[in-house]
Structures are given as structure tokens and as C-alpha cells.
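Structure first, then comments.
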Amino acid sequence: MTLSTLFWWILAADEKKPAVDTPGLGSFLLPMVAIFALFYFLMIRPQKNKDRARRDALDELKKNDRVHTIGGIIGTITSFSSDKKEVTIRVDDNSRITMMRSAIHGVYSPHADDEKAEIK
């Protein structure tokens with residue numbers, strides 16, 4: 001038997017093997033959709049709700065609200081800019097800081113830290 005005959009004999013034997021069913025698109029797509037849905041409900045949706053609540057809280061700020069910033073500064077709002085993007089905060093009797101409204105973390109409640117301490 002020559003080498004070329006052996007080669008053609010091996011090729012013919014491979015063609016006679018039954019074809020293996022390959023998984024279809026559905027078997028790949030269904031788990032991917034499930035993973036995306038799980039990711040959406042566990043990560044994206046709660047973050048959107050948290051962002052919406054923070055945006056609403058920033059929209060409700062008014063003059064004389066006592067606030068704390070993302071940098072830890074506590075002060076009282078004295079004024080807003082005309083476009084309401086900047087806020088001037090009085091830190092003590094003589095100091096005023098102008099900052100972006102988005103730098104405000106929330107309305108300051110001195111008892112919030114005490115409640116956290118009690119939970120621990």
C-alpha cells in the first residue's frame with residue numbers, strides 16, 4: 001500500500017463517521033441572557049435607584065440647610081448660583097466655600113453617626 005493510497009483511505013474513513021451535533025445558538029444565547037438579567041437586577045438597577053435618590057436629594061436642597069460634602073466639610077448653605085450648579089457654604093462665621101452642587105454628599109444630621117455607633 002502506497003502512502004497516497006493510505007492517505008485517501010484515511011480520508012474516506014473520516015467521511016463515514018457520523019456527524020456530531022454541534023450546540024445551536026439557543027444553548028449559547030439562553031445562559032447569556034440569564035447572566036445579563038442577573039447582572040442587571042443585582043448591580044445596575046440598584047445603582048440607578050441610588051443615583052436617582054441622590055439626585056432628588058440634591059434637587060431639594062435649599063438655603064440654610066446644614067450639609068456635609070464628599071470631602072467631609074460640614075457647613076450651612078448660604079446661596080446658590082443662578083444656574084444652581086454652584087453652592088456657597090458657610091463653614092464658620094467668617095469662612096465661605098463655593099463648590100459644585102454635586103460635591104454635596106447630603107444633609108447633615110449629627111445624630112446619624114450615633115445611630116450607626118449603636119448598631120455596631
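For the C-alpha cells, the naming scheme is as follows: chains receive sequential letters (A, B, ...) according to their order of presentation, residues are indexed from 1 within each chain, and ligands are indexed from 1 in presentation order.
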| request: Apply DSSP to the structure's backbone, then extract all residues of region 9-95 of chain A labelled helix (DSSP H, G or I) and return them as JSON, numbers by chain. | output: {"A": [9, 10, 11, 12, 13, 14, 15, 25, 26, 27, 28, 29, 30, 31, 32, 33, 34, 35, 36, 37, 38, 39, 40, 41, 42, 43, 44, 45, 46, 47, 48, 49, 50, 51, 52, 53, 54, 55, 56, 57, 58, 59]}
| request: Skip region 43-55 of chain A itself and residues of its chain fewer than 4 positions away, then list as a list in words all residues within 12 Å of it, counting only C-alpha atoms. | output: Ile35, Phe36, Ala37, Leu38, Phe39, Asp59, Glu60, Leu61, Arg101, Ser102, Ala103, Ile104, His105, Gly106 and Val107 of chain A
| said: I'd like to know which residues of region 75-118 of chain A are strand (DSSP E or B) (by DSSP, run on the backbone); could you write them as a ChimeraX atom specification? | reply: /A:75-80,86-90,96-100,104-107
Keeping N, CA and C atoms for every residue in the selection just given, could you write it to a file as an mmCIF file, in the first residue's frame?
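And here's part30.cif as it stands now:
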```cif
data_model
loop_
_atom_site.group_PDB
_atom_site.id
_atom_site.type_symbol
_atom_site.label_atom_id
_atom_site.label_comp_id
_atom_site.auth_asym_id
_atom_site.auth_seq_id
_atom_site.Cartn_x
_atom_site.Cartn_y
_atom_site.Cartn_z
ATOM 1 N N GLY A 75 -21.175 72.347 56.703
ATOM 2 C CA GLY A 75 -21.485 73.766 56.662
ATOM 3 C C GLY A 75 -22.947 74.011 56.361
ATOM 4 N N THR A 76 -23.297 75.303 56.257
ATOM 5 C CA THR A 76 -24.674 75.721 56.007
ATOM 6 C C THR A 76 -24.728 76.412 54.649
ATOM 7 N N ILE A 77 -25.707 76.048 53.841
ATOM 8 C CA ILE A 77 -25.854 76.658 52.524
ATOM 9 C C ILE A 77 -26.298 78.098 52.694
ATOM 10 N N THR A 78 -25.555 79.023 52.056
ATOM 11 C CA THR A 78 -25.922 80.438 52.117
ATOM 12 C C THR A 78 -26.523 80.922 50.810
ATOM 13 N N SER A 79 -26.074 80.358 49.675
ATOM 14 C CA SER A 79 -26.631 80.806 48.398
ATOM 15 C C SER A 79 -26.325 79.793 47.294
ATOM 16 N N PHE A 80 -27.075 79.934 46.211
ATOM 17 C CA PHE A 80 -26.881 79.124 45.009
ATOM 18 C C PHE A 80 -26.513 80.051 43.864
ATOM 19 N N GLU A 86 -23.613 75.711 41.312
ATOM 20 C CA GLU A 86 -22.651 76.021 42.364
ATOM 21 C C GLU A 86 -23.388 76.418 43.640
ATOM 22 N N VAL A 87 -22.775 76.071 44.754
ATOM 23 C CA VAL A 87 -23.368 76.337 46.063
ATOM 24 C C VAL A 87 -22.304 77.026 46.918
ATOM 25 N N THR A 88 -22.713 78.031 47.665
ATOM 26 C CA THR A 88 -21.809 78.665 48.627
ATOM 27 C C THR A 88 -22.200 78.181 50.017
ATOM 28 N N ILE A 89 -21.199 77.676 50.728
ATOM 29 C CA ILE A 89 -21.428 77.105 52.057
ATOM 30 C C ILE A 89 -20.661 77.924 53.088
ATOM 31 N N ARG A 90 -21.317 78.273 54.183
ATOM 32 C CA ARG A 90 -20.667 78.953 55.304
ATOM 33 C C ARG A 90 -20.179 77.869 56.261
ATOM 34 N N ARG A 96 -16.390 81.110 53.887
ATOM 35 C CA ARG A 96 -17.380 80.656 52.921
ATOM 36 C C ARG A 96 -16.645 79.886 51.824
ATOM 37 N N ILE A 97 -17.245 78.803 51.381
ATOM 38 C CA ILE A 97 -16.666 77.973 50.333
ATOM 39 C C ILE A 97 -17.690 77.867 49.209
ATOM 40 N N THR A 98 -17.235 78.095 47.981
ATOM 41 C CA THR A 98 -18.093 77.880 46.826
ATOM 42 C C THR A 98 -17.657 76.584 46.170
ATOM 43 N N MET A 99 -18.602 75.709 45.938
ATOM 44 C CA MET A 99 -18.292 74.403 45.357
ATOM 45 C C MET A 99 -19.411 73.960 44.427
ATOM 46 N N MET A 100 -19.131 72.931 43.679
ATOM 47 C CA MET A 100 -20.145 72.361 42.795
ATOM 48 C C MET A 100 -21.226 71.689 43.647
ATOM 49 N N ILE A 104 -21.795 67.913 47.189
ATOM 50 C CA ILE A 104 -22.522 67.764 48.450
ATOM 51 C C ILE A 104 -22.961 66.316 48.585
ATOM 52 N N HIS A 105 -22.611 65.720 49.712
ATOM 53 C CA HIS A 105 -22.978 64.317 49.940
ATOM 54 C C HIS A 105 -24.410 64.189 50.422
ATOM 55 N N GLY A 106 -24.824 65.081 51.292
ATOM 56 C CA GLY A 106 -26.190 65.022 51.790
ATOM 57 C C GLY A 106 -26.425 66.028 52.894
ATOM 58 N N VAL A 107 -27.637 66.020 53.399
ATOM 59 C CA VAL A 107 -27.998 66.889 54.516
ATOM 60 C C VAL A 107 -27.395 66.289 55.773
#
```
| said: As an exercise, work out the distance from CA of Asp93 (chain A) to CA of Ser109 (chain A) in Å and give it to one decimal place. | reply: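 So the two atoms, CA of Asp93 (chain A) and CA of Ser109 (chain A), lie 19.9 Å apart.
Atom pair CA of Val91 (chain A) / CA of Gly72 (chain A) has a distance of 11.5 Å (rounded to one decimal).
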| message | Using only C-alpha atoms for the distances, tell me which of A:Leu42, A:Leu58, A:Leu29, A:Ala34 is nearest to Lys85 (chain A). | response |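 Selected residue with least distance to Lys85 (chain A): A:Leu58.
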